[in-house]
$ cat target_31.pdb   # PDB, C-alpha atoms
ATOM      1  CA  MET Z   1      -9.791   2.295  -7.796
ATOM      2  CA  TYR Z   2      -6.766   0.469  -9.091
ATOM      3  CA  ARG Z   3      -6.064  -2.811 -10.851
ATOM      4  CA  ILE Z   4      -4.195  -5.358  -8.710
ATOM      5  CA  ARG Z   5      -0.801  -6.493 -10.053
ATOM      6  CA  TYR Z   6       0.274 -10.103  -9.691
ATOM      7  CA  ILE Z   7       3.537 -12.069  -9.556
ATOM      8  CA  GLY Z   8       5.408 -11.599 -12.791
ATOM      9  CA  ASP Z   9       4.478  -7.929 -13.193
ATOM     10  CA  PRO Z  10       7.812  -6.056 -13.435
ATOM     11  CA  ILE Z  11       6.633  -3.158 -11.259
ATOM     12  CA  LEU Z  12       6.623  -5.506  -8.264
ATOM     13  CA  ARG Z  13      10.436  -5.717  -8.548
ATOM     14  CA  GLU Z  14      11.062  -1.972  -8.897
ATOM     15  CA  LYS Z  15      12.612  -0.012  -6.062
ATOM     16  CA  THR Z  16      10.069   2.304  -4.463
ATOM     17  CA  LYS Z  17      10.531   6.058  -4.095
ATOM     18  CA  ALA Z  18       9.922   8.240  -1.062
ATOM     19  CA  VAL Z  19       6.767  10.317  -1.041
ATOM     20  CA  LYS Z  20       7.793  13.981  -1.113
ATOM     21  CA  ASN Z  21       4.492  15.795  -1.565
ATOM     22  CA  PHE Z  22       1.886  15.389   1.137
ATOM     23  CA  ASP Z  23      -0.949  16.942  -0.826
ATOM     24  CA  ASP Z  24      -4.435  16.307  -2.226
ATOM     25  CA  HIS Z  25      -3.018  13.910  -4.822
ATOM     26  CA  LEU Z  26      -1.596  11.728  -2.030
ATOM     27  CA  ILE Z  27      -4.925  11.795  -0.192
ATOM     28  CA  ARG Z  28      -6.757  10.661  -3.355
ATOM     29  CA  THR Z  29      -4.143   7.957  -3.958
ATOM     30  CA  VAL Z  30      -4.519   6.601  -0.418
ATOM     31  CA  ASP Z  31      -8.330   6.733  -0.645
ATOM     32  CA  ASN Z  32      -8.241   4.774  -3.915
ATOM     33  CA  MET Z  33      -5.831   2.230  -2.442
ATOM     34  CA  ILE Z  34      -8.156   1.710   0.544
ATOM     35  CA  LYS Z  35     -11.179   1.291  -1.754
ATOM     36  CA  THR Z  36      -9.238  -1.209  -3.878
ATOM     37  CA  MET Z  37      -8.124  -3.137  -0.785
ATOM     38  CA  HIS Z  38     -11.692  -3.371   0.547
ATOM     39  CA  THR Z  39     -13.110  -4.329  -2.862
ATOM     40  CA  GLU Z  40     -10.586  -7.176  -3.075
ATOM     41  CA  ASP Z  41     -11.367  -8.241   0.535
ATOM     42  CA  GLY Z  42      -7.772  -7.560   1.535
ATOM     43  CA  VAL Z  43      -6.304  -6.467   4.853
ATOM     44  CA  GLY Z  44      -3.241  -4.737   3.429
ATOM     45  CA  LEU Z  45      -2.034  -3.267   0.175
ATOM     46  CA  ALA Z  46       1.309  -1.793  -0.875
ATOM     47  CA  ALA Z  47       1.556   0.778  -3.655
ATOM     48  CA  PRO Z  48       3.470  -1.521  -6.080
ATOM     49  CA  GLN Z  49       0.573  -3.993  -5.901
ATOM     50  CA  VAL Z  50      -1.523  -1.387  -7.727
ATOM     51  CA  GLY Z  51       1.194  -0.196 -10.113
ATOM     52  CA  LEU Z  52       2.592   2.716  -8.089
ATOM     53  CA  THR Z  53       6.241   3.169  -7.161
ATOM     54  CA  GLU Z  54       5.866   5.311  -4.031
ATOM     55  CA  ARG Z  55       6.373   4.007  -0.486
ATOM     56  CA  ILE Z  56       2.726   3.782   0.564
ATOM     57  CA  LEU Z  57       1.067   0.988   2.524
ATOM     58  CA  VAL Z  58      -2.555   0.762   3.662
ATOM     59  CA  VAL Z  59      -3.777  -1.753   6.254
ATOM     60  CA  ASP Z  60      -7.191  -2.496   7.755
ATOM     61  CA  ILE Z  61      -7.380  -5.262  10.341
ATOM     62  CA  SER Z  62     -10.512  -3.985  12.104
ATOM     63  CA  PRO Z  63     -13.040  -6.727  12.894
ATOM     64  CA  LEU Z  64     -15.870  -7.093  10.371
ATOM     65  CA  GLU Z  65     -18.545  -6.094  12.853
ATOM     66  CA  GLU Z  66     -16.770  -2.838  13.746
ATOM     67  CA  GLU Z  67     -16.323   0.397  11.830
ATOM     68  CA  GLU Z  68     -13.513   0.300   9.267
ATOM     69  CA  LYS Z  69     -10.324   1.820  10.655
ATOM     70  CA  PRO Z  70      -7.734   1.712   7.879
ATOM     71  CA  GLN Z  71      -4.205   2.831   8.655
ATOM     72  CA  THR Z  72      -1.788   4.400   6.198
ATOM     73  CA  TYR Z  73       1.991   4.185   6.339
ATOM     74  CA  ILE Z  74       4.121   6.521   4.230
ATOM     75  CA  ASN Z  75       7.858   6.203   3.530
ATOM     76  CA  THR Z  76       8.372   3.173   5.703
ATOM     77  CA  GLU Z  77      11.719   1.392   5.534
ATOM     78  CA  ILE Z  78      12.907  -2.013   6.664
ATOM     79  CA  LEU Z  79      15.874  -1.264   8.871
ATOM     80  CA  GLU Z  80      16.555  -4.778  10.062
ATOM     81  CA  TYR Z  81      15.294  -8.263   9.337
ATOM     82  CA  TRP Z  82      16.029 -11.786  10.402
ATOM     83  CA  GLY Z  83      15.422 -15.155   8.912
ATOM     84  CA  GLN Z  84      16.073 -16.485   5.487
ATOM     85  CA  SER Z  85      16.593 -13.989   2.685
ATOM     86  CA  THR Z  86      15.269 -14.649  -0.819
TER      87      THR Z  86
END
$ encode --input "target_31.pdb" --output "structure tokens"
Amino acid sequence: MYRIRYIGDPILREKTKAVKNFDDHLIRTVDNMIKTMHTEDGVGLAAPQVGLTERILVVDISPLEEEEKPQTYINTEILEYWGQST
């Protein structure tokens, strides 16, 4: 499992890198991110929130009474956005 990073941690401002190796290390990383997310009662967790700089996102919005069905997104990019920019 990982330690959650909070506002003010410099890694949260770093640009993320594309995942290039889809291997056992990535599988372990994703598994640990999912365990961390569930331990913290979260529904989503991005790699920088646990101190990693790769483009990895895990999400689990399955209802509590159903089996966990986490989803993993790798190398996602925001191509377009609307609204106010910060």
$ closest_residue --input "target_31.pdb" --among "Z:Leu12, Z:Ala18, Z:Ile61, Z:Met1" --to "Ile74 of chain Z" --atoms "all atoms listed in the file"
Z:Ala18
$ resolve_selection --input "target_31.pdb" --expression "the PyMOL selection byres ((chain Z and resi 19) around 9)" --output "number ranges by chain"
Z: 17-18, 20-22, 26, 54-56, 74-75
$ closest_residue --input "target_31.pdb" --among "Z:Glu68, Z:Glu14, Z:Asp9, Z:Asp23" --to "Lys35 of chain Z" --atoms "only C-alpha atoms"
Z:Glu68
$ atom_distance --input "target_31.pdb" --atom1 "atom CA of Arg3 of chain Z" --atom2 "atom CA of Val43 of chain Z"
16.1 Å
$ atom_distance --input "target_31.pdb" --atom1 "atom CA of His25 of chain Z" --atom2 "atom CA of Pro63 of chain Z"
29.0 Å
$ atom_distance --input "target_31.pdb" --atom1 "atom CA of Asp41 of chain Z" --atom2 "atom CA of Ile78 of chain Z"
25.8 Å
$ axis_aligned_box --input "target_31.pdb" --around "segment 40-44 of chain Z" --padding-each-side "4 Å" --output "lines of an AutoDock Vina configuration file"
center_x = -7.3
center_y = -6.5
center_z = 0.9
size_x = 16.1
size_y = 11.5
size_z = 15.9
$ resolve_selection --input "target_31.pdb" --expression "the PyMOL selection byres ((chain Z and resi 59) around 9)" --output "PyMOL selection string"
chain Z and resi 34+37+42-46+57-58+60-61+69-73
$ build_atoms --input "target_31.pdb" --residues "segment 56-67 of chain Z" --atoms "all heavy atoms" --output "tab-separated table (two decimals), in the frame of the given file"
chain	number	residue	atom	x	y	z
Z	56	ILE	N	4.03	3.62	-0.09
Z	56	ILE	CA	2.73	3.78	0.56
Z	56	ILE	C	2.19	2.39	0.88
Z	56	ILE	O	2.26	1.49	0.06
Z	56	ILE	CB	1.72	4.51	-0.35
Z	56	ILE	CG1	2.27	5.86	-0.81
Z	56	ILE	CG2	0.38	4.68	0.36
Z	56	ILE	CD1	1.44	6.52	-1.90
Z	57	LEU	N	1.66	2.25	2.08
Z	57	LEU	CA	1.07	0.99	2.52
Z	57	LEU	C	-0.23	1.32	3.26
Z	57	LEU	O	-0.24	2.20	4.11
Z	57	LEU	CB	2.02	0.25	3.46
Z	57	LEU	CG	1.50	-0.99	4.18
Z	57	LEU	CD1	1.23	-2.10	3.19
Z	57	LEU	CD2	2.50	-1.44	5.23
Z	58	VAL	N	-1.31	0.62	2.92
Z	58	VAL	CA	-2.56	0.76	3.66
Z	58	VAL	C	-2.90	-0.59	4.28
Z	58	VAL	O	-2.66	-1.64	3.69
Z	58	VAL	CB	-3.71	1.28	2.77
Z	58	VAL	CG1	-3.43	2.69	2.29
Z	58	VAL	CG2	-3.98	0.38	1.60
Z	59	VAL	N	-3.46	-0.54	5.50
Z	59	VAL	CA	-3.78	-1.75	6.25
Z	59	VAL	C	-5.11	-1.53	6.96
Z	59	VAL	O	-5.36	-0.44	7.48
Z	59	VAL	CB	-2.68	-2.04	7.31
Z	59	VAL	CG1	-3.05	-3.25	8.15
Z	59	VAL	CG2	-1.33	-2.24	6.66
Z	60	ASP	N	-5.95	-2.56	6.98
Z	60	ASP	CA	-7.19	-2.50	7.76
Z	60	ASP	C	-7.44	-3.86	8.36
Z	60	ASP	O	-7.88	-4.79	7.68
Z	60	ASP	CB	-8.37	-2.07	6.87
Z	60	ASP	CG	-9.63	-1.81	7.69
Z	60	ASP	OD1	-9.64	-2.12	8.90
Z	60	ASP	OD2	-10.59	-1.28	7.12
Z	61	ILE	N	-7.17	-3.98	9.65
Z	61	ILE	CA	-7.38	-5.26	10.34
Z	61	ILE	C	-8.51	-5.14	11.36
Z	61	ILE	O	-8.61	-5.94	12.27
Z	61	ILE	CB	-6.08	-5.76	11.01
Z	61	ILE	CG1	-5.53	-4.73	11.97
Z	61	ILE	CG2	-5.06	-6.17	9.97
Z	61	ILE	CD1	-4.38	-5.22	12.83
Z	62	SER	N	-9.38	-4.13	11.18
Z	62	SER	CA	-10.51	-3.98	12.10
Z	62	SER	C	-11.49	-5.15	11.90
Z	62	SER	O	-11.71	-5.60	10.78
Z	62	SER	CB	-11.21	-2.64	11.90
Z	62	SER	OG	-11.54	-2.42	10.55
Z	63	PRO	N	-12.07	-5.63	13.01
Z	63	PRO	CA	-13.04	-6.73	12.89
Z	63	PRO	C	-14.21	-6.34	11.98
Z	63	PRO	O	-14.59	-5.18	11.89
Z	63	PRO	CB	-13.52	-6.92	14.34
Z	63	PRO	CG	-12.41	-6.36	15.17
Z	63	PRO	CD	-11.84	-5.22	14.37
Z	64	LEU	N	-14.79	-7.33	11.33
Z	64	LEU	CA	-15.87	-7.09	10.37
Z	64	LEU	C	-17.07	-6.39	10.99
Z	64	LEU	O	-17.73	-5.61	10.34
Z	64	LEU	CB	-16.31	-8.41	9.74
Z	64	LEU	CG	-15.29	-9.09	8.84
Z	64	LEU	CD1	-15.84	-10.44	8.36
Z	64	LEU	CD2	-14.94	-8.21	7.66
Z	65	GLU	N	-17.35	-6.68	12.25
Z	65	GLU	CA	-18.55	-6.09	12.85
Z	65	GLU	C	-18.31	-4.68	13.38
Z	65	GLU	O	-19.21	-4.02	13.84
Z	65	GLU	CB	-19.11	-6.99	13.97
Z	65	GLU	CG	-18.15	-7.34	15.08
Z	65	GLU	CD	-17.23	-8.53	14.76
Z	65	GLU	OE1	-17.46	-9.24	13.78
Z	65	GLU	OE2	-16.28	-8.71	15.50
Z	66	GLU	N	-17.08	-4.19	13.30
Z	66	GLU	CA	-16.77	-2.84	13.75
Z	66	GLU	C	-16.59	-1.90	12.56
Z	66	GLU	O	-16.45	-2.32	11.42
Z	66	GLU	CB	-15.48	-2.84	14.58
Z	66	GLU	CG	-15.63	-3.50	15.93
Z	66	GLU	CD	-14.38	-3.38	16.76
Z	66	GLU	OE1	-13.51	-2.54	16.46
Z	66	GLU	OE2	-14.26	-4.13	17.74
Z	67	GLU	N	-16.56	-0.62	12.86
Z	67	GLU	CA	-16.32	0.40	11.83
Z	67	GLU	C	-14.93	0.20	11.24
Z	67	GLU	O	-13.98	-0.15	11.94
Z	67	GLU	CB	-16.41	1.78	12.48
Z	67	GLU	CG	-16.19	2.92	11.52
Z	67	GLU	CD	-16.25	4.27	12.23
Z	67	GLU	OE1	-16.76	4.34	13.34
Z	67	GLU	OE2	-15.77	5.23	11.63
